[in-house]
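Have a look at target-v1.pdb below; it lists PDB, N, CA and C atoms.
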```pdb
ATOM      1  N   MET A  27       1.509   2.282  17.313  1.00  0.00           N
ATOM      2  CA  MET A  27       2.048   2.347  15.971  1.00  0.00           C
ATOM      3  C   MET A  27       1.333   1.366  15.038  1.00  0.00           C
ATOM      4  N   LYS A  28       0.995   0.179  15.567  1.00  0.00           N
ATOM      5  CA  LYS A  28       0.351  -0.846  14.752  1.00  0.00           C
ATOM      6  C   LYS A  28      -0.999  -0.362  14.229  1.00  0.00           C
ATOM      7  N   LYS A  29      -1.799   0.239  15.101  1.00  0.00           N
ATOM      8  CA  LYS A  29      -3.139   0.683  14.699  1.00  0.00           C
ATOM      9  C   LYS A  29      -3.070   1.829  13.688  1.00  0.00           C
ATOM     10  N   ILE A  30      -2.082   2.702  13.834  1.00  0.00           N
ATOM     11  CA  ILE A  30      -1.929   3.814  12.899  1.00  0.00           C
ATOM     12  C   ILE A  30      -1.579   3.291  11.509  1.00  0.00           C
ATOM     13  N   MET A  31      -0.620   2.375  11.437  1.00  0.00           N
ATOM     14  CA  MET A  31      -0.201   1.833  10.142  1.00  0.00           C
ATOM     15  C   MET A  31      -1.308   0.997   9.507  1.00  0.00           C
ATOM     16  N   GLN A  32      -2.063   0.261  10.312  1.00  0.00           N
ATOM     17  CA  GLN A  32      -3.185  -0.488   9.766  1.00  0.00           C
ATOM     18  C   GLN A  32      -4.270   0.463   9.262  1.00  0.00           C
ATOM     19  N   GLY A  33      -4.502   1.551   9.981  1.00  0.00           N
ATOM     20  CA  GLY A  33      -5.473   2.545   9.528  1.00  0.00           C
ATOM     21  C   GLY A  33      -5.072   3.164   8.199  1.00  0.00           C
ATOM     22  N   ILE A  34      -3.791   3.483   8.057  1.00  0.00           N
ATOM     23  CA  ILE A  34      -3.292   4.017   6.782  1.00  0.00           C
ATOM     24  C   ILE A  34      -3.459   2.972   5.683  1.00  0.00           C
ATOM     25  N   GLY A  35      -3.190   1.715   6.011  1.00  0.00           N
ATOM     26  CA  GLY A  35      -3.355   0.638   5.043  1.00  0.00           C
ATOM     27  C   GLY A  35      -4.795   0.509   4.571  1.00  0.00           C
ATOM     28  N   PHE A  36      -5.738   0.569   5.508  1.00  0.00           N
ATOM     29  CA  PHE A  36      -7.153   0.501   5.136  1.00  0.00           C
ATOM     30  C   PHE A  36      -7.563   1.700   4.282  1.00  0.00           C
ATOM     31  N   LEU A  37      -7.046   2.874   4.599  1.00  0.00           N
ATOM     32  CA  LEU A  37      -7.347   4.062   3.786  1.00  0.00           C
ATOM     33  C   LEU A  37      -6.810   3.898   2.363  1.00  0.00           C
ATOM     34  N   LEU A  38      -5.622   3.331   2.237  1.00  0.00           N
ATOM     35  CA  LEU A  38      -5.069   3.098   0.902  1.00  0.00           C
ATOM     36  C   LEU A  38      -5.893   2.084   0.125  1.00  0.00           C
ATOM     37  N   ILE A  39      -6.390   1.057   0.800  1.00  0.00           N
ATOM     38  CA  ILE A  39      -7.225   0.063   0.129  1.00  0.00           C
ATOM     39  C   ILE A  39      -8.536   0.701  -0.326  1.00  0.00           C
ATOM     40  N   ILE A  40      -9.135   1.525   0.508  1.00  0.00           N
ATOM     41  CA  ILE A  40     -10.377   2.216   0.127  1.00  0.00           C
ATOM     42  C   ILE A  40     -10.126   3.149  -1.050  1.00  0.00           C
ATOM     43  N   PHE A  41      -8.983   3.860  -1.017  1.00  0.00           N
ATOM     44  CA  PHE A  41      -8.639   4.739  -2.138  1.00  0.00           C
ATOM     45  C   PHE A  41      -8.448   3.937  -3.418  1.00  0.00           C
ATOM     46  N   ALA A  42      -7.809   2.776  -3.318  1.00  0.00           N
ATOM     47  CA  ALA A  42      -7.593   1.943  -4.497  1.00  0.00           C
ATOM     48  C   ALA A  42      -8.925   1.463  -5.074  1.00  0.00           C
ATOM     49  N   LEU A  43      -9.848   1.071  -4.208  1.00  0.00           N
ATOM     50  CA  LEU A  43     -11.164   0.641  -4.688  1.00  0.00           C
ATOM     51  C   LEU A  43     -11.917   1.798  -5.349  1.00  0.00           C
ATOM     52  N   ALA A  44     -11.817   2.990  -4.752  1.00  0.00           N
ATOM     53  CA  ALA A  44     -12.465   4.158  -5.346  1.00  0.00           C
ATOM     54  C   ALA A  44     -11.823   4.509  -6.688  1.00  0.00           C
ATOM     55  N   ASP A  45     -10.506   4.436  -6.760  1.00  0.00           N
ATOM     56  CA  ASP A  45      -9.805   4.727  -8.010  1.00  0.00           C
ATOM     57  C   ASP A  45     -10.217   3.742  -9.093  1.00  0.00           C
ATOM     58  N   PHE A  46     -10.329   2.476  -8.732  1.00  0.00           N
ATOM     59  CA  PHE A  46     -10.741   1.454  -9.694  1.00  0.00           C
ATOM     60  C   PHE A  46     -12.174   1.701 -10.170  1.00  0.00           C
ATOM     61  N   GLY A  47     -13.081   1.949  -9.233  1.00  0.00           N
ATOM     62  CA  GLY A  47     -14.484   2.153  -9.597  1.00  0.00           C
ATOM     63  C   GLY A  47     -14.708   3.422 -10.406  1.00  0.00           C
ATOM     64  N   LEU A  48     -14.067   4.499 -10.002  1.00  0.00           N
ATOM     65  CA  LEU A  48     -14.270   5.765 -10.693  1.00  0.00           C
ATOM     66  C   LEU A  48     -13.589   5.799 -12.059  1.00  0.00           C
ATOM     67  N   SER A  49     -12.602   4.934 -12.278  1.00  0.00           N
ATOM     68  CA  SER A  49     -11.947   4.913 -13.586  1.00  0.00           C
ATOM     69  C   SER A  49     -12.927   4.479 -14.676  1.00  0.00           C
ATOM     70  N   TYR A  50     -13.915   3.668 -14.317  1.00  0.00           N
ATOM     71  CA  TYR A  50     -14.921   3.267 -15.298  1.00  0.00           C
ATOM     72  C   TYR A  50     -15.882   4.396 -15.634  1.00  0.00           C
ATOM     73  N   MET A  51     -15.977   5.389 -14.751  1.00  0.00           N
ATOM     74  CA  MET A  51     -16.834   6.544 -15.018  1.00  0.00           C
ATOM     75  C   MET A  51     -16.066   7.685 -15.678  1.00  0.00           C
ATOM     76  N   GLY A  52     -14.792   7.470 -15.932  1.00  0.00           N
ATOM     77  CA  GLY A  52     -14.003   8.472 -16.627  1.00  0.00           C
ATOM     78  C   GLY A  52     -13.225   9.409 -15.724  1.00  0.00           C
ATOM     79  N   TYR A  53     -13.232   9.164 -14.418  1.00  0.00           N
ATOM     80  CA  TYR A  53     -12.489  10.014 -13.485  1.00  0.00           C
ATOM     81  C   TYR A  53     -11.130   9.394 -13.192  1.00  0.00           C
ATOM     82  N   ASN A  54     -10.112  10.219 -13.188  1.00  0.00           N
ATOM     83  CA  ASN A  54      -8.764   9.758 -12.883  1.00  0.00           C
ATOM     84  C   ASN A  54      -8.344  10.381 -11.558  1.00  0.00           C
ATOM     85  N   LEU A  55      -8.208   9.555 -10.524  1.00  0.00           N
ATOM     86  CA  LEU A  55      -7.813  10.060  -9.217  1.00  0.00           C
ATOM     87  C   LEU A  55      -6.302  10.230  -9.088  1.00  0.00           C
ATOM     88  N   THR A  56      -5.559   9.732 -10.062  1.00  0.00           N
ATOM     89  CA  THR A  56      -4.098   9.847 -10.026  1.00  0.00           C
ATOM     90  C   THR A  56      -3.588  10.514 -11.304  1.00  0.00           C
ATOM     91  N   PRO A  57      -3.992  11.762 -11.561  1.00  0.00           N
ATOM     92  CA  PRO A  57      -3.539  12.419 -12.797  1.00  0.00           C
ATOM     93  C   PRO A  57      -2.068  12.814 -12.756  1.00  0.00           C
ATOM     94  N   PHE A  58      -1.460  12.795 -11.582  1.00  0.00           N
ATOM     95  CA  PHE A  58      -0.065  13.181 -11.454  1.00  0.00           C
ATOM     96  C   PHE A  58       0.886  12.070 -11.902  1.00  0.00           C
ATOM     97  N   LEU A  59       0.365  10.865 -12.101  1.00  0.00           N
ATOM     98  CA  LEU A  59       1.175   9.748 -12.560  1.00  0.00           C
ATOM     99  C   LEU A  59       1.133   9.654 -14.083  1.00  0.00           C
ATOM    100  N   PRO A  60       2.204   9.147 -14.697  1.00  0.00           N
ATOM    101  CA  PRO A  60       2.163   8.934 -16.156  1.00  0.00           C
ATOM    102  C   PRO A  60       1.076   7.929 -16.533  1.00  0.00           C
ATOM    103  N   ASP A  61       0.649   7.954 -17.789  1.00  0.00           N
ATOM    104  CA  ASP A  61      -0.458   7.107 -18.231  1.00  0.00           C
ATOM    105  C   ASP A  61      -0.192   5.624 -18.017  1.00  0.00           C
ATOM    106  N   GLY A  62       1.012   5.171 -18.264  1.00  0.00           N
ATOM    107  CA  GLY A  62       1.327   3.753 -18.092  1.00  0.00           C
ATOM    108  C   GLY A  62       1.197   3.299 -16.654  1.00  0.00           C
ATOM    109  N   ILE A  63       1.620   4.133 -15.723  1.00  0.00           N
ATOM    110  CA  ILE A  63       1.544   3.786 -14.303  1.00  0.00           C
ATOM    111  C   ILE A  63       0.147   4.052 -13.756  1.00  0.00           C
ATOM    112  N   SER A  64      -0.484   5.098 -14.239  1.00  0.00           N
ATOM    113  CA  SER A  64      -1.820   5.457 -13.760  1.00  0.00           C
ATOM    114  C   SER A  64      -2.830   4.353 -14.044  1.00  0.00           C
ATOM    115  N   ARG A  65      -2.598   3.604 -15.077  1.00  0.00           N
ATOM    116  CA  ARG A  65      -3.493   2.509 -15.430  1.00  0.00           C
ATOM    117  C   ARG A  65      -3.474   1.409 -14.371  1.00  0.00           C
ATOM    118  N   PHE A  66      -2.318   1.209 -13.726  1.00  0.00           N
ATOM    119  CA  PHE A  66      -2.163   0.156 -12.735  1.00  0.00           C
ATOM    120  C   PHE A  66      -2.143   0.681 -11.307  1.00  0.00           C
ATOM    121  N   SER A  67      -2.452   1.961 -11.117  1.00  0.00           N
ATOM    122  CA  SER A  67      -2.373   2.561  -9.785  1.00  0.00           C
ATOM    123  C   SER A  67      -3.301   1.912  -8.761  1.00  0.00           C
ATOM    124  N   PRO A  68      -4.528   1.476  -9.103  1.00  0.00           N
ATOM    125  CA  PRO A  68      -5.343   0.815  -8.071  1.00  0.00           C
ATOM    126  C   PRO A  68      -4.693  -0.463  -7.558  1.00  0.00           C
ATOM    127  N   ILE A  69      -4.046  -1.203  -8.445  1.00  0.00           N
ATOM    128  CA  ILE A  69      -3.390  -2.438  -8.027  1.00  0.00           C
ATOM    129  C   ILE A  69      -2.205  -2.121  -7.124  1.00  0.00           C
ATOM    130  N   ILE A  70      -1.392  -1.168  -7.530  1.00  0.00           N
ATOM    131  CA  ILE A  70      -0.194  -0.814  -6.769  1.00  0.00           C
ATOM    132  C   ILE A  70      -0.571  -0.262  -5.397  1.00  0.00           C
ATOM    133  N   ILE A  71      -1.517   0.665  -5.369  1.00  0.00           N
ATOM    134  CA  ILE A  71      -1.924   1.278  -4.102  1.00  0.00           C
ATOM    135  C   ILE A  71      -2.600   0.245  -3.199  1.00  0.00           C
ATOM    136  N   GLY A  72      -3.405  -0.633  -3.775  1.00  0.00           N
ATOM    137  CA  GLY A  72      -4.056  -1.682  -2.997  1.00  0.00           C
ATOM    138  C   GLY A  72      -3.054  -2.660  -2.399  1.00  0.00           C
ATOM    139  N   LEU A  73      -2.016  -3.002  -3.152  1.00  0.00           N
ATOM    140  CA  LEU A  73      -0.986  -3.904  -2.626  1.00  0.00           C
ATOM    141  C   LEU A  73      -0.201  -3.255  -1.494  1.00  0.00           C
ATOM    142  N   ILE A  74       0.101  -1.981  -1.626  1.00  0.00           N
ATOM    143  CA  ILE A  74       0.804  -1.271  -0.549  1.00  0.00           C
ATOM    144  C   ILE A  74      -0.078  -1.223   0.697  1.00  0.00           C
ATOM    145  N   GLY A  75      -1.354  -0.913   0.521  1.00  0.00           N
ATOM    146  CA  GLY A  75      -2.285  -0.890   1.652  1.00  0.00           C
ATOM    147  C   GLY A  75      -2.417  -2.249   2.308  1.00  0.00           C
ATOM    148  N   GLY A  76      -2.501  -3.295   1.503  1.00  0.00           N
ATOM    149  CA  GLY A  76      -2.589  -4.643   2.043  1.00  0.00           C
ATOM    150  C   GLY A  76      -1.341  -5.044   2.812  1.00  0.00           C
ATOM    151  N   ALA A  77      -0.191  -4.620   2.313  1.00  0.00           N
ATOM    152  CA  ALA A  77       1.065  -4.918   3.013  1.00  0.00           C
ATOM    153  C   ALA A  77       1.116  -4.204   4.358  1.00  0.00           C
ATOM    154  N   LEU A  78       0.616  -2.963   4.411  1.00  0.00           N
ATOM    155  CA  LEU A  78       0.612  -2.226   5.669  1.00  0.00           C
ATOM    156  C   LEU A  78      -0.349  -2.866   6.679  1.00  0.00           C
ATOM    157  N   VAL A  79      -1.462  -3.375   6.202  1.00  0.00           N
ATOM    158  CA  VAL A  79      -2.434  -4.009   7.101  1.00  0.00           C
ATOM    159  C   VAL A  79      -1.884  -5.330   7.628  1.00  0.00           C
ATOM    160  N   LYS A  80      -1.236  -6.096   6.765  1.00  0.00           N
ATOM    161  CA  LYS A  80      -0.754  -7.426   7.157  1.00  0.00           C
ATOM    162  C   LYS A  80       0.574  -7.407   7.902  1.00  0.00           C
ATOM    163  N   ALA A  81       1.330  -6.314   7.829  1.00  0.00           N
ATOM    164  CA  ALA A  81       2.659  -6.279   8.428  1.00  0.00           C
ATOM    165  C   ALA A  81       2.576  -6.450   9.946  1.00  0.00           C
ATOM    166  N   ASP A  82       3.608  -7.030  10.502  1.00  0.00           N
ATOM    167  CA  ASP A  82       3.688  -7.258  11.948  1.00  0.00           C
ATOM    168  C   ASP A  82       4.406  -6.077  12.603  1.00  0.00           C
ATOM    169  N   TRP A  83       3.635  -5.036  12.918  1.00  0.00           N
ATOM    170  CA  TRP A  83       4.200  -3.828  13.511  1.00  0.00           C
ATOM    171  C   TRP A  83       4.343  -4.021  15.008  1.00  0.00           C
ATOM    172  N   LYS A  84       5.461  -3.571  15.530  1.00  0.00           N
ATOM    173  CA  LYS A  84       5.693  -3.716  16.987  1.00  0.00           C
ATOM    174  C   LYS A  84       5.701  -2.394  17.677  1.00  0.00           C
TER     175      LYS A  84
END
```
Rewrite the structure of this file - the entire thing - as structure tokens.
Amino acid sequence: MKKIMQGIGFLLIIFALADFGLSYMGYNLTPFLPDGISRFSPIIIGLIGGALVKADWK
């Protein structure tokens, strides 16, 4: 279970980095979110991914 959750966490972090980088090129990877939330989606997704990686799964 630990490795699966850490893998999901790493995928979320990679997605957050891609979302952040592509936003400068004009691509929105989270068009389903409202504009106010979509602006902060890389931060939110990255924090969730980081929490999954750091969590003590048993």
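Proximity ranking of A:Tyr53, A:Trp83, A:Phe66, A:Phe58 relative to A:Met31 places A:Trp83 first, based on only C-alpha atoms.
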If the PyMOL selection byres (((chain A and resi 80 and name CA) around 12) and name CA) is run on the structure shown, which residues does it catch, given as a PDB file with N, CA and C atoms, keeping the file's coordinate frame?
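File produced: out-v5.pdb:
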```
ATOM      1  N   LYS A  28       0.995   0.179  15.567  1.00  0.00           N
ATOM      2  CA  LYS A  28       0.351  -0.846  14.752  1.00  0.00           C
ATOM      3  C   LYS A  28      -0.999  -0.362  14.229  1.00  0.00           C
ATOM      4  N   LYS A  29      -1.799   0.239  15.101  1.00  0.00           N
ATOM      5  CA  LYS A  29      -3.139   0.683  14.699  1.00  0.00           C
ATOM      6  C   LYS A  29      -3.070   1.829  13.688  1.00  0.00           C
ATOM      7  N   MET A  31      -0.620   2.375  11.437  1.00  0.00           N
ATOM      8  CA  MET A  31      -0.201   1.833  10.142  1.00  0.00           C
ATOM      9  C   MET A  31      -1.308   0.997   9.507  1.00  0.00           C
ATOM     10  N   GLN A  32      -2.063   0.261  10.312  1.00  0.00           N
ATOM     11  CA  GLN A  32      -3.185  -0.488   9.766  1.00  0.00           C
ATOM     12  C   GLN A  32      -4.270   0.463   9.262  1.00  0.00           C
ATOM     13  N   GLY A  33      -4.502   1.551   9.981  1.00  0.00           N
ATOM     14  CA  GLY A  33      -5.473   2.545   9.528  1.00  0.00           C
ATOM     15  C   GLY A  33      -5.072   3.164   8.199  1.00  0.00           C
ATOM     16  N   ILE A  34      -3.791   3.483   8.057  1.00  0.00           N
ATOM     17  CA  ILE A  34      -3.292   4.017   6.782  1.00  0.00           C
ATOM     18  C   ILE A  34      -3.459   2.972   5.683  1.00  0.00           C
ATOM     19  N   GLY A  35      -3.190   1.715   6.011  1.00  0.00           N
ATOM     20  CA  GLY A  35      -3.355   0.638   5.043  1.00  0.00           C
ATOM     21  C   GLY A  35      -4.795   0.509   4.571  1.00  0.00           C
ATOM     22  N   PHE A  36      -5.738   0.569   5.508  1.00  0.00           N
ATOM     23  CA  PHE A  36      -7.153   0.501   5.136  1.00  0.00           C
ATOM     24  C   PHE A  36      -7.563   1.700   4.282  1.00  0.00           C
ATOM     25  N   LEU A  73      -2.016  -3.002  -3.152  1.00  0.00           N
ATOM     26  CA  LEU A  73      -0.986  -3.904  -2.626  1.00  0.00           C
ATOM     27  C   LEU A  73      -0.201  -3.255  -1.494  1.00  0.00           C
ATOM     28  N   ILE A  74       0.101  -1.981  -1.626  1.00  0.00           N
ATOM     29  CA  ILE A  74       0.804  -1.271  -0.549  1.00  0.00           C
ATOM     30  C   ILE A  74      -0.078  -1.223   0.697  1.00  0.00           C
ATOM     31  N   GLY A  75      -1.354  -0.913   0.521  1.00  0.00           N
ATOM     32  CA  GLY A  75      -2.285  -0.890   1.652  1.00  0.00           C
ATOM     33  C   GLY A  75      -2.417  -2.249   2.308  1.00  0.00           C
ATOM     34  N   GLY A  76      -2.501  -3.295   1.503  1.00  0.00           N
ATOM     35  CA  GLY A  76      -2.589  -4.643   2.043  1.00  0.00           C
ATOM     36  C   GLY A  76      -1.341  -5.044   2.812  1.00  0.00           C
ATOM     37  N   ALA A  77      -0.191  -4.620   2.313  1.00  0.00           N
ATOM     38  CA  ALA A  77       1.065  -4.918   3.013  1.00  0.00           C
ATOM     39  C   ALA A  77       1.116  -4.204   4.358  1.00  0.00           C
ATOM     40  N   LEU A  78       0.616  -2.963   4.411  1.00  0.00           N
ATOM     41  CA  LEU A  78       0.612  -2.226   5.669  1.00  0.00           C
ATOM     42  C   LEU A  78      -0.349  -2.866   6.679  1.00  0.00           C
ATOM     43  N   VAL A  79      -1.462  -3.375   6.202  1.00  0.00           N
ATOM     44  CA  VAL A  79      -2.434  -4.009   7.101  1.00  0.00           C
ATOM     45  C   VAL A  79      -1.884  -5.330   7.628  1.00  0.00           C
ATOM     46  N   ALA A  81       1.330  -6.314   7.829  1.00  0.00           N
ATOM     47  CA  ALA A  81       2.659  -6.279   8.428  1.00  0.00           C
ATOM     48  C   ALA A  81       2.576  -6.450   9.946  1.00  0.00           C
ATOM     49  N   ASP A  82       3.608  -7.030  10.502  1.00  0.00           N
ATOM     50  CA  ASP A  82       3.688  -7.258  11.948  1.00  0.00           C
ATOM     51  C   ASP A  82       4.406  -6.077  12.603  1.00  0.00           C
ATOM     52  N   TRP A  83       3.635  -5.036  12.918  1.00  0.00           N
ATOM     53  CA  TRP A  83       4.200  -3.828  13.511  1.00  0.00           C
ATOM     54  C   TRP A  83       4.343  -4.021  15.008  1.00  0.00           C
TER      55      TRP A  83
END
```
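If you look at atom C of A:Leu37 and atom N of A:Gly72, they are 8.4 Å away from each other.
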Fill in: Expected answer as number ranges by chain: helix (DSSP H, G or I) residues in chain A
A: 28-49, 61-64, 67-80
Discussion item. Report, in Å with one decimal, the straight-line distance from atom C of A:Lys84 to atom CA of A:Ile71.
Written reply: 23.4 Å
Worksheet entry | Nearby residues (all atoms listed in the file) at most 8 Å from A:Ala42, same-chain spacing under 2 positions excluded, as an MDAnalysis selection string | chainID A and resid 36:40 44:48 67:73
Listed atoms of stretch 40-57 of chain A boxed along x, y and z, 5 Å each side, centre and edge lengths in Å, one decimal, as lines of an AutoDock Vina configuration file:
```
center_x = -9.5
center_y = 6.7
center_z = -8.1
size_x = 24.8
size_y = 22.2
size_z = 27.1
```
